[in-house]
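> Take a look at the following structure, please.
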Amino acid sequence: MPMNFEASRAFAQQMDQEDPLSSYRDRFHIPKLHGKPCIYLTGNSLGAMPKSAREYIETELNDWAEMGVEGHFEAVRPWKPYHHFLKEKAARVVGALPSEVVVMNNLTSNLHFMMVSFFRPQGKRTKIVCEGGAFPSDQYALESQLKFHGLDPNEHLIELHPRAGEHTLHLEDVLSTLESHRDEIALVMMGGVNYYTGQFFDLKSITEKAHEIGAVAGFDLAHAAGNLPLQLHDWNVDFAVWCSYKYLNSGPGGTSGCFVHQRHENNPELPRFAGWWGHKEDERFLMKKGFIPMVGADGWQLSNAQILPMAAHLASLEIFDEVGMNRLREKSLKLSGFAHFLLNRVATEFPNAQIEVITPANEHERGCQVSLLAGPRGKELFNALHTKGVLTDWREPNVIRFAPVPLYNRFEEVFEVYEVMHGILAEG
Ligand SMILES: *Cc1c(COP(=O)(O)O)cnc(C)c1O
């Protein structure tokens, strides 16, 4: 339901007072700029640090110092089964069964491992569909997977582009592209939320259509996991990958998550690149020949757990568990709705700046992020925000991304950004 927002500090303060999640801000370190706490709107790039992360990592460092190798069994949280501690919590974030989720590796690595199993070009069915302007790592991954199969990306990669003069995709255009190439598509692999425009795609409808034409549907949820509620199991998504350092606040370069739908959990037909950590758990240490995968997403593991980044991830996931994705979304719709409203207002108030909000107004098509096409003097605007203590990010060619996140950002900060932008643009 669209809210009635007001462009006033009093209104923002009222919203903060009524915010049931306001106390969670204290659970995070809010980064500083120029020596002062800043308005941190880059949780979509690197989430703020949960204060508990230090203690969780320190626990592992202490156990390592005290026990050495015995920590695999004797640590407070034993390292050998460590990924089990994350599984259920990570599954709740993305709407999956615990057996469908595993935390491991890094995002782009997992995307490749998933495509080894799920991109199986055969006969006429050789093409991959993704959104045009996908995150570069995804573009390179798709391109190199195609080449790996001896396919020319220029011919076998179908990119979805907005209509002329528009910035985001229409669902009907996505579906009709799938329809018009129905016998040629092997895989639909898109971002869940596009990193540039902030558009959230209708993963359920896209998956349904992909299946109807006989293709596989996988998603990169780097900008969706921890941002908005997902239901990967119910939506029948085949596979998904995400990182933990953006909305999931688990630290730079943090570990990644991976989803494989239950219906693939024990399919011997799926090829995979295997490692010992994916081997049948009770026989892993028998050191025998012949790989027998664990059932479920665990069977895609290669290596033993990366305890330090996983400890930070666990600290953060516990906060997500406490709050729940639905309550986060409830606040996020208001908080990002407020940002959307105020940024549109600035755009209208200063037509000469030629700025434009490109993130969809429809709340079903966006998460936390609001992207502003920044006009001819975009970079100056971005730098001026930075100088005034507002940390946003710049994405080439011409977008400033604002991502107020419900765990630690406040309505008054969003209002402050509006005032700061006013000041900058009024100076000309
Ligand atoms: C952030 C992001 C990445 C980064 O990949 P890493 O392997 O974690 O470095 C990849 N894809 C998308 C869509 C992203 O948003």
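Ordered as shown in the structure tokens, chains take letters A, B, and onward, while each chain numbers its residues from 1 and ligands are numbered from 1 in the order shown.
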Can you tell me which residues come within 6 Å of ligand 1 when counting only C-alpha atoms and all ligand atoms, ideally as a VMD selection string?
chain A and resid 106 to 108 135 137 to 138 191 195 220 222 to 223 243
> Do a neighbour search on Pro406 in chain A at 7 Å with only C-alpha atoms, toss out local chain neighbours closer than 6 positions, and write the hits as a list of chain:residue names.
A:Leu328, A:Lys331, A:Ser332
> Can you work out which one of A:Gly198, A:Pro162, A:Gly47, A:Pro268 has the shortest atom-to-atom distance to Ser371 in chain A, counting only C-alpha atoms?
A:Gly198
> Residues within 6 Å of Phe200 in chain A, please, as a list in words. Count only C-alpha atoms; anything in the same chain fewer than 5 positions from it doesn't count.
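Contacts, with the query itself left out: Gly192, Val193, Glu365 and Arg366 of chain A.
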> What lies within 10 Å of Gln262 in chain A using only C-alpha atoms, ignoring chain neighbours under 2 positions off, as a PyMOL selection string?
chain A and resi 96-101+233+236-239+259-260+264-267+295-297
> Please identify which residues in range 167-341 of chain A DSSP calls helix (DSSP H, G or I) from the backbone, and express them as a ChimeraX atom specification.
/A:171-180,203-212,262-264,276-278,281-286,297-300,307-323,325-341
> Can you tell me which residues surround Phe28 in chain A at a distance of at most 6 Å, considering only C-alpha atoms, apart from same-chain residues fewer than 3 positions away, and format the answer as a ChimeraX atom specification?
/A:25,49-51
> How about saving the chosen residues, N, CA and C atoms kept, as a compact mmCIF listing (two decimals), in the first residue's frame?

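That gives us out-v1.txt:
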```
# COMPACT_ATOMS: atom_id res chain seq x y z
N ARG A 25 19.83 -0.59 15.34
CA ARG A 25 20.97 0.26 14.93
C ARG A 25 22.14 0.13 15.90
N MET A 49 29.12 -3.46 10.07
CA MET A 49 29.60 -4.58 10.89
C MET A 49 28.73 -4.77 12.13
N PRO A 50 28.18 -5.96 12.30
CA PRO A 50 27.49 -6.23 13.56
C PRO A 50 28.52 -6.23 14.69
N LYS A 51 28.19 -5.60 15.80
CA LYS A 51 29.15 -5.55 16.91
C LYS A 51 29.51 -6.96 17.38
```
> Neighbours of Gly253 in chain A within 12 Å (only C-alpha atoms; same-chain residues fewer than 4 positions away dropped), as a PyMOL selection string?
chain A and resi 45-47+105-108+243-246+248-249+306+308-310+312-313
> Leaving out Val129 in chain A and any residue of its chain fewer than 6 positions from it, which residues lie within 9 Å of it when counting only C-alpha atoms, given as a count of residues only?
13
> Choose the residue, out of A:His167, A:Gly389, A:Trp64, A:Lys127, that has the smallest atom-to-atom separation from Asn154 in chain A; count only C-alpha atoms.
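Using only C-alpha atoms, Asn154 in chain A sits closest to A:Lys127.
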> Measuring atom to atom with only C-alpha atoms, identify which of A:Ser180, A:Gln13, A:Asn110, A:Thr255 is nearest to Leu314 in chain A.
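The answer is A:Thr255, which sits nearest to Leu314 in chain A.
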> Identify which of the residues A:Trp276, A:Gly337, A:Leu171, A:His149 lies closest to Ala403 in chain A, counting only C-alpha atoms when measuring atom-to-atom distances.
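Smallest distance to Ala403 in chain A is found for A:Gly337.
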> Apply DSSP to the backbone of this structure and, from range 374-410 of chain A, keep only the residues in strand (DSSP E); write these as number ranges by chain.
A: 390-391, 393-395, 399-402
> Quick one: write out the picked residues with N, CA, C and O atoms as a PDB file, in the first residue's frame?

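Saved file selection.pdb follows:
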```
ATOM      1  N   VAL A 390      27.680  11.952   3.465  1.00  0.00           N
ATOM      2  CA  VAL A 390      26.681  10.973   3.008  1.00  0.00           C
ATOM      3  C   VAL A 390      27.401   9.975   2.113  1.00  0.00           C
ATOM      4  O   VAL A 390      27.914  10.334   1.053  1.00  0.00           O
ATOM      5  N   LEU A 391      27.458   8.731   2.566  1.00  0.00           N
ATOM      6  CA  LEU A 391      28.169   7.714   1.793  1.00  0.00           C
ATOM      7  C   LEU A 391      27.180   6.930   0.928  1.00  0.00           C
ATOM      8  O   LEU A 391      26.389   6.129   1.420  1.00  0.00           O
ATOM      9  N   ASP A 393      26.977   5.177  -3.323  1.00  0.00           N
ATOM     10  CA  ASP A 393      28.004   4.785  -4.274  1.00  0.00           C
ATOM     11  C   ASP A 393      27.680   5.128  -5.705  1.00  0.00           C
ATOM     12  O   ASP A 393      26.534   5.354  -6.077  1.00  0.00           O
ATOM     13  N   TRP A 394      28.736   5.228  -6.439  1.00  0.00           N
ATOM     14  CA  TRP A 394      28.673   5.639  -7.835  1.00  0.00           C
ATOM     15  C   TRP A 394      28.852   4.407  -8.696  1.00  0.00           C
ATOM     16  O   TRP A 394      29.748   3.603  -8.443  1.00  0.00           O
ATOM     17  N   ARG A 395      27.989   4.219  -9.656  1.00  0.00           N
ATOM     18  CA  ARG A 395      28.170   3.122 -10.598  1.00  0.00           C
ATOM     19  C   ARG A 395      28.182   3.676 -12.013  1.00  0.00           C
ATOM     20  O   ARG A 395      27.262   4.389 -12.406  1.00  0.00           O
ATOM     21  N   VAL A 399      25.139   6.431 -12.384  1.00  0.00           N
ATOM     22  CA  VAL A 399      24.117   6.230 -11.356  1.00  0.00           C
ATOM     23  C   VAL A 399      24.697   6.410  -9.950  1.00  0.00           C
ATOM     24  O   VAL A 399      25.809   5.976  -9.667  1.00  0.00           O
ATOM     25  N   ILE A 400      23.920   7.109  -9.107  1.00  0.00           N
ATOM     26  CA  ILE A 400      24.227   7.129  -7.675  1.00  0.00           C
ATOM     27  C   ILE A 400      23.219   6.201  -7.002  1.00  0.00           C
ATOM     28  O   ILE A 400      22.014   6.318  -7.207  1.00  0.00           O
ATOM     29  N   ARG A 401      23.739   5.239  -6.244  1.00  0.00           N
ATOM     30  CA  ARG A 401      22.848   4.290  -5.565  1.00  0.00           C
ATOM     31  C   ARG A 401      22.704   4.690  -4.097  1.00  0.00           C
ATOM     32  O   ARG A 401      23.694   4.921  -3.402  1.00  0.00           O
ATOM     33  N   PHE A 402      21.470   4.760  -3.645  1.00  0.00           N
ATOM     34  CA  PHE A 402      21.155   5.050  -2.246  1.00  0.00           C
ATOM     35  C   PHE A 402      20.493   3.794  -1.691  1.00  0.00           C
ATOM     36  O   PHE A 402      19.444   3.390  -2.198  1.00  0.00           O
TER      37      PHE A 402
END
```
> For each of A:Glu416, A:Glu58, A:Glu281, A:Asp63, take the minimum atom-to-atom distance to Phe338 in chain A, counting only C-alpha atoms, then give the residue where this is smallest.
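Checking each candidate against Phe338 in chain A, we get A:Glu416 as the closest.
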> Wanna dump the range 282-360 of chain A-range 113-126 of chain A contacts at 12 Å for me, each residue with its shortest atom pair and the distance in Å to one decimal, counting only C-alpha atoms, ordered by chain and number, as a tab-separated table?

```
residue	atom	partner	partner_atom	distance
A:Ala297	CA	A:Met114	CA	10.3
A:Gly299	CA	A:Phe113	CA	11.6
A:Trp300	CA	A:Phe113	CA	7.9
A:Gln301	CA	A:Phe113	CA	9.6
A:Leu302	CA	A:Phe113	CA	9.9
```
> Those same residues, written as a JSON list (two decimals), in the first residue's frame with C-alpha atoms?

```json
[["chain", "number", "residue", "atom", "x", "y", "z"],
["A", 297, "ALA", "CA", 23.09, -28.62, -1.51],
["A", 299, "GLY", "CA", 26.80, -32.36, -1.97],
["A", 300, "TRP", "CA", 28.18, -29.39, -3.92],
["A", 301, "GLN", "CA", 30.71, -28.48, -1.23],
["A", 302, "LEU", "CA", 34.33, -28.83, -2.17]]
```
> One decimal, Å: what's the distance from CA of Tyr40 in chain A over to CA of Phe411 in chain A, could you say?
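Computing it gives 12.3 Å between the two atoms.
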